[in-house]
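J.: Dropping the structure in here first, questions after.
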Amino acid sequence: TKTHARTEKEMRADLDRFRSELGVDHLDVVLLHCMMSADWPKERAGAMAVLAEAKQKGIVRAHGVSCHDFGALKAAAASEWVDVDLARLNPAGIAMDAPVDQVVSVLAEMKQKGKGIIGMKILGAGGLKTRKDEALQYALASPVLDCFTIGAENRTELEDLLTRIPKASVRG
């Protein structure tokens with residue numbers, strides 16, 4: 001799940017709410033959502049402290065950030081606190097934080113440090129709708145992604161994506 005919490009109080013309330021809403025004792029991954037500043041580790045120190053404590057207690061298995069800024073992404077790569085990063089990546093560089101090669105370089109650094117990488121904006125926020133197969137092949141073959149999220153506007157689009165993914169995963 002993702003949170004906008006900044007303070008310890010906000011983060012504790014979110015953790016309680018998330019577990020209650022989901023009916024679970026622990027959360028696999030909690031991300032500080034939409035980091036848009038290289039200073040996010042200072043700005044979110046309170047929330048980070050609560051998540052670190054929750055991880056020690058087994059309430060959270062991993063924590064990290066979703067980045068919407070290249071400086072924030074580089075800060076995530078440098079942070080020992082980050083276990084998982086949700087990063088924008090697609091072959092055309094649409095709706096990304098920097099050119100593809102620069103983002104891939106930072107994500108490769110994260111992977112070398114053992115961080116998990118979840119891709120987002122695989123279809124470039126809809127900008128690659130006519131190039132779905134190419135975008136899916138890129139994401140599936142990417143050595144820097146562990147998995148990815150992908151949005152669908154309706155059931156028909158979802159079913160189309162579900163048929164394309166297995167075909168796109170075949171490598172020549």
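Just remember, in the structure tokens the first chain shown is A, the second B, etc., residues are 1-based per chain, and ligands are 1-based in the order shown.
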Can you list every residue of segment 78-159 of chain A that has an atom at most 9 Å from segment 22-31 of chain A, with its nearest atom pair and the distance in Å to one decimal, using only C-alpha atoms, ordered by chain then number, as a tab-separated table?
T.:
residue	atom	partner	partner_atom	distance
A:Asp83	CA	A:Val29	CA	9.0
A:Val84	CA	A:Leu31	CA	7.7
A:Asp85	CA	A:Leu31	CA	7.8
A:Leu86	CA	A:Leu31	CA	8.1
J.: Generate a file of the selected residues that holds all heavy atoms, formatted as a short mmCIF file (atom, residue, chain, number, x, y, z; two decimals), in the first residue's frame.
T.:
data_model
loop_
_atom_site.label_atom_id
_atom_site.label_comp_id
_atom_site.auth_asym_id
_atom_site.auth_seq_id
_atom_site.Cartn_x
_atom_site.Cartn_y
_atom_site.Cartn_z
N ASP A 83 13.78 -0.31 0.87
CA ASP A 83 13.82 -1.72 0.46
C ASP A 83 13.25 -1.89 -0.94
O ASP A 83 13.67 -2.76 -1.69
CB ASP A 83 12.95 -2.59 1.40
CG ASP A 83 13.39 -2.56 2.84
OD1 ASP A 83 14.61 -2.57 3.10
OD2 ASP A 83 12.50 -2.53 3.72
N VAL A 84 12.23 -1.07 -1.26
CA VAL A 84 11.47 -1.20 -2.50
C VAL A 84 11.23 0.18 -3.09
O VAL A 84 10.92 1.12 -2.35
CB VAL A 84 10.10 -1.88 -2.25
CG1 VAL A 84 9.29 -1.97 -3.53
CG2 VAL A 84 10.27 -3.25 -1.62
N ASP A 85 11.36 0.28 -4.42
CA ASP A 85 11.06 1.54 -5.09
C ASP A 85 10.06 1.28 -6.21
O ASP A 85 10.18 0.30 -6.95
CB ASP A 85 12.32 2.17 -5.68
CG ASP A 85 12.04 3.55 -6.25
OD1 ASP A 85 11.94 4.50 -5.45
OD2 ASP A 85 11.89 3.68 -7.48
N LEU A 86 9.06 2.15 -6.31
CA LEU A 86 8.10 2.14 -7.40
C LEU A 86 8.53 3.25 -8.35
O LEU A 86 8.49 4.43 -7.99
CB LEU A 86 6.69 2.38 -6.85
CG LEU A 86 5.53 2.44 -7.84
CD1 LEU A 86 5.38 1.15 -8.61
CD2 LEU A 86 4.24 2.77 -7.10
#
J.: May I have the residues within 9 Å of Asp97 of chain A as a list in words, using only C-alpha atoms and disregarding those fewer than 4 positions away in the same chain?
T.: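 Returned residues: Cys67, His68, Asp69, Phe70, Gly71, Leu73, Ala87, Arg88, Leu89, Gly93 and Val103 of chain A.
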J.: Using DSSP on the backbone coordinates, identify the residues of segment 69-106 of chain A assigned to helix (DSSP H, G or I); present them as a PyMOL selection string.
T.: chain A and resi 70-78+100-106
J.: Name all residues at most 10 Å from Pro143 of chain A (count only C-alpha atoms; drop same-chain ones fewer than 2 positions away) and give them as a list in words.
T.: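 The contact residues come out as Val104, Leu107, Ala108, Lys111, Tyr138, Ala139, Leu140, Ala141, Leu145 and Asp146 of chain A.
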J.: DSSP on the backbone: which residues in chain A end up as strand (DSSP E or B)? Give the answer as a PyMOL selection string.
T.: chain A and resi 2-3+27-35+60-67+84-88+116-120+147-148
J.: Let's have the selection written as a compact mmCIF listing (two decimals), in the first residue's frame, with N, CA, C and O atoms.
T.:
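Ended up saving to selection29.txt:
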# COMPACT_ATOMS: atom_id res chain seq x y z
N LYS A 2 0.30 2.38 -0.24
CA LYS A 2 1.03 3.64 -0.29
C LYS A 2 0.40 4.62 0.69
O LYS A 2 -0.79 4.55 0.96
N THR A 3 1.24 5.53 1.17
CA THR A 3 0.78 6.52 2.15
C THR A 3 1.37 7.89 1.84
O THR A 3 2.48 7.99 1.32
N LEU A 27 1.61 -6.07 6.75
CA LEU A 27 1.57 -5.55 5.38
C LEU A 27 2.87 -5.94 4.70
O LEU A 27 3.95 -5.78 5.27
N ASP A 28 2.79 -6.45 3.49
CA ASP A 28 3.99 -6.87 2.80
C ASP A 28 4.88 -5.68 2.42
O ASP A 28 6.09 -5.72 2.65
N VAL A 29 4.29 -4.65 1.83
CA VAL A 29 5.06 -3.49 1.38
C VAL A 29 4.27 -2.22 1.68
O VAL A 29 3.09 -2.15 1.34
N VAL A 30 4.92 -1.23 2.28
CA VAL A 30 4.33 0.09 2.48
C VAL A 30 5.28 1.11 1.86
O VAL A 30 6.47 1.15 2.20
N LEU A 31 4.73 1.91 0.95
CA LEU A 31 5.53 2.92 0.26
C LEU A 31 5.09 4.32 0.66
O LEU A 31 3.90 4.60 0.73
N LEU A 32 6.06 5.18 0.90
CA LEU A 32 5.79 6.60 1.01
C LEU A 32 5.52 7.06 -0.42
O LEU A 32 6.36 6.88 -1.30
N HIS A 33 4.36 7.63 -0.65
CA HIS A 33 3.89 7.86 -2.01
C HIS A 33 4.26 9.22 -2.57
O HIS A 33 4.18 10.23 -1.88
N CYS A 34 4.66 9.19 -3.83
CA CYS A 34 4.83 10.39 -4.66
C CYS A 34 5.94 11.32 -4.17
O CYS A 34 5.72 12.51 -3.97
N MET A 35 7.13 10.76 -4.01
CA MET A 35 8.27 11.59 -3.61
C MET A 35 8.66 12.47 -4.80
O MET A 35 8.92 11.97 -5.88
N VAL A 60 5.37 -4.75 9.14
CA VAL A 60 5.65 -4.42 7.75
C VAL A 60 6.84 -5.27 7.33
O VAL A 60 7.84 -5.35 8.06
N ARG A 61 6.75 -5.90 6.18
CA ARG A 61 7.87 -6.73 5.71
C ARG A 61 8.92 -5.92 4.94
O ARG A 61 10.09 -6.24 4.98
N ALA A 62 8.47 -4.88 4.23
CA ALA A 62 9.39 -4.04 3.47
C ALA A 62 8.79 -2.65 3.35
O ALA A 62 7.57 -2.49 3.34
N HIS A 63 9.66 -1.64 3.25
CA HIS A 63 9.19 -0.27 3.06
C HIS A 63 10.02 0.42 2.01
O HIS A 63 11.13 -0.02 1.67
N GLY A 64 9.45 1.47 1.46
CA GLY A 64 10.16 2.20 0.43
C GLY A 64 9.36 3.40 -0.03
O GLY A 64 8.59 3.97 0.74
N VAL A 65 9.56 3.75 -1.31
CA VAL A 65 8.96 4.97 -1.85
C VAL A 65 8.48 4.76 -3.28
O VAL A 65 8.96 3.87 -3.98
N SER A 66 7.56 5.62 -3.69
CA SER A 66 7.25 5.77 -5.11
C SER A 66 7.79 7.13 -5.51
O SER A 66 7.59 8.12 -4.80
N CYS A 67 8.54 7.17 -6.59
CA CYS A 67 9.23 8.40 -6.99
C CYS A 67 8.60 9.01 -8.23
O CYS A 67 8.28 8.31 -9.20
N VAL A 84 12.23 -1.07 -1.26
CA VAL A 84 11.47 -1.20 -2.50
C VAL A 84 11.23 0.18 -3.09
O VAL A 84 10.92 1.12 -2.35
N ASP A 85 11.36 0.28 -4.42
CA ASP A 85 11.06 1.54 -5.09
C ASP A 85 10.06 1.28 -6.21
O ASP A 85 10.18 0.30 -6.95
N LEU A 86 9.06 2.15 -6.31
CA LEU A 86 8.10 2.14 -7.40
C LEU A 86 8.53 3.25 -8.35
O LEU A 86 8.49 4.43 -7.99
N ALA A 87 9.01 2.86 -9.55
CA ALA A 87 9.64 3.82 -10.46
C ALA A 87 8.99 3.79 -11.84
O ALA A 87 8.57 2.74 -12.32
N ARG A 88 8.95 4.93 -12.48
CA ARG A 88 8.36 5.05 -13.81
C ARG A 88 9.38 4.61 -14.86
O ARG A 88 10.50 5.13 -14.90
N GLY A 116 14.29 -3.88 -4.19
CA GLY A 116 13.29 -4.34 -5.13
C GLY A 116 12.77 -3.18 -5.96
O GLY A 116 12.58 -2.08 -5.43
N ILE A 117 12.53 -3.43 -7.24
CA ILE A 117 12.07 -2.37 -8.13
C ILE A 117 10.76 -2.80 -8.77
O ILE A 117 10.68 -3.83 -9.44
N ILE A 118 9.73 -1.98 -8.56
CA ILE A 118 8.43 -2.17 -9.18
C ILE A 118 8.29 -1.10 -10.26
O ILE A 118 8.42 0.09 -9.97
N GLY A 119 8.03 -1.49 -11.47
CA GLY A 119 7.84 -0.54 -12.56
C GLY A 119 6.42 -0.01 -12.59
O GLY A 119 5.48 -0.72 -12.26
N MET A 120 6.29 1.25 -12.96
CA MET A 120 4.97 1.84 -13.20
C MET A 120 5.06 2.69 -14.45
O MET A 120 6.14 2.96 -14.96
N CYS A 147 9.04 -6.52 -11.03
CA CYS A 147 7.63 -6.67 -11.42
C CYS A 147 7.15 -5.29 -11.85
O CYS A 147 7.92 -4.33 -11.83
N PHE A 148 5.90 -5.20 -12.26
CA PHE A 148 5.37 -3.90 -12.64
C PHE A 148 3.87 -3.85 -12.42
O PHE A 148 3.21 -4.88 -12.33
J.: Quick one: residues within 8 Å of segment 155-171 of chain A, only C-alpha atoms, excluding same-chain residues fewer than 4 positions away - as a PyMOL selection string?
T.: chain A and resi 133-134+136-137+140-141+151
J.: Could those selected residues go to a file with all heavy atoms, as an mmCIF file, in the first residue's frame?
T.:
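The result, stored in part.cif:
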data_model
loop_
_atom_site.group_PDB
_atom_site.id
_atom_site.type_symbol
_atom_site.label_atom_id
_atom_site.label_comp_id
_atom_site.auth_asym_id
_atom_site.auth_seq_id
_atom_site.Cartn_x
_atom_site.Cartn_y
_atom_site.Cartn_z
ATOM 1 N N ASP A 133 2.455 -3.971 -27.091
ATOM 2 C CA ASP A 133 3.327 -5.146 -27.127
ATOM 3 C C ASP A 133 4.783 -4.751 -26.909
ATOM 4 O O ASP A 133 5.509 -5.396 -26.145
ATOM 5 C CB ASP A 133 3.157 -5.907 -28.443
ATOM 6 C CG ASP A 133 1.777 -6.534 -28.564
ATOM 7 O OD1 ASP A 133 1.178 -6.878 -27.527
ATOM 8 O OD2 ASP A 133 1.299 -6.671 -29.699
ATOM 9 N N GLU A 134 5.212 -3.684 -27.543
ATOM 10 C CA GLU A 134 6.583 -3.198 -27.375
ATOM 11 C C GLU A 134 6.849 -2.813 -25.916
ATOM 12 O O GLU A 134 7.887 -3.166 -25.345
ATOM 13 C CB GLU A 134 6.823 -1.990 -28.283
ATOM 14 C CG GLU A 134 8.172 -1.332 -28.082
ATOM 15 C CD GLU A 134 8.314 0.020 -28.769
ATOM 16 O OE1 GLU A 134 7.390 0.437 -29.505
ATOM 17 O OE2 GLU A 134 9.349 0.663 -28.547
ATOM 18 N N LEU A 136 5.223 -3.803 -23.210
ATOM 19 C CA LEU A 136 5.200 -4.988 -22.345
ATOM 20 C C LEU A 136 6.481 -5.808 -22.498
ATOM 21 O O LEU A 136 7.052 -6.268 -21.514
ATOM 22 C CB LEU A 136 3.979 -5.854 -22.663
ATOM 23 C CG LEU A 136 2.635 -5.271 -22.241
ATOM 24 C CD1 LEU A 136 1.490 -6.089 -22.837
ATOM 25 C CD2 LEU A 136 2.519 -5.207 -20.725
ATOM 26 N N GLN A 137 6.941 -5.976 -23.735
ATOM 27 C CA GLN A 137 8.189 -6.708 -23.961
ATOM 28 C C GLN A 137 9.346 -6.016 -23.261
ATOM 29 O O GLN A 137 10.196 -6.670 -22.646
ATOM 30 C CB GLN A 137 8.469 -6.848 -25.460
ATOM 31 C CG GLN A 137 7.542 -7.827 -26.141
ATOM 32 C CD GLN A 137 7.615 -7.755 -27.661
ATOM 33 O OE1 GLN A 137 8.254 -6.879 -28.237
ATOM 34 N NE2 GLN A 137 6.921 -8.673 -28.318
ATOM 35 N N LEU A 140 8.988 -6.638 -19.439
ATOM 36 C CA LEU A 140 9.224 -8.040 -19.090
ATOM 37 C C LEU A 140 10.684 -8.447 -19.262
ATOM 38 O O LEU A 140 11.175 -9.317 -18.546
ATOM 39 C CB LEU A 140 8.312 -8.945 -19.923
ATOM 40 C CG LEU A 140 6.840 -8.886 -19.535
ATOM 41 C CD1 LEU A 140 5.963 -9.440 -20.648
ATOM 42 C CD2 LEU A 140 6.603 -9.626 -18.233
ATOM 43 N N ALA A 141 11.391 -7.821 -20.202
ATOM 44 C CA ALA A 141 12.799 -8.149 -20.442
ATOM 45 C C ALA A 141 13.758 -7.293 -19.615
ATOM 46 O O ALA A 141 14.954 -7.563 -19.594
ATOM 47 C CB ALA A 141 13.122 -7.983 -21.928
ATOM 48 N N GLY A 151 -2.126 -0.186 -15.483
ATOM 49 C CA GLY A 151 -3.521 0.212 -15.318
ATOM 50 C C GLY A 151 -4.362 -0.144 -16.524
ATOM 51 O O GLY A 151 -3.868 -0.224 -17.646
#
J.: Could you work out how far atom CA of Ala152 of chain A lies from atom CA of Leu15 of chain A, giving the answer in Å with one decimal?
T.: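 Between atom CA of Leu15 of chain A and atom CA of Ala152 of chain A the gap works out to 27.6 Å.
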J.: Between A:Lys57, A:Arg12, A:Lys74, A:Arg17, which is the closest to Met110 of chain A once you count only C-alpha atoms?
T.: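 Of all the options, A:Lys74 lies closest to Met110 of chain A.
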J.: Determine the nearest neighbour of His4 of chain A from the options A:Asn154, A:Ala47, A:Ser37, A:Gln56, counting only C-alpha atoms.
T.: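 Closest to His4 of chain A, using only C-alpha atoms: A:Ala47.
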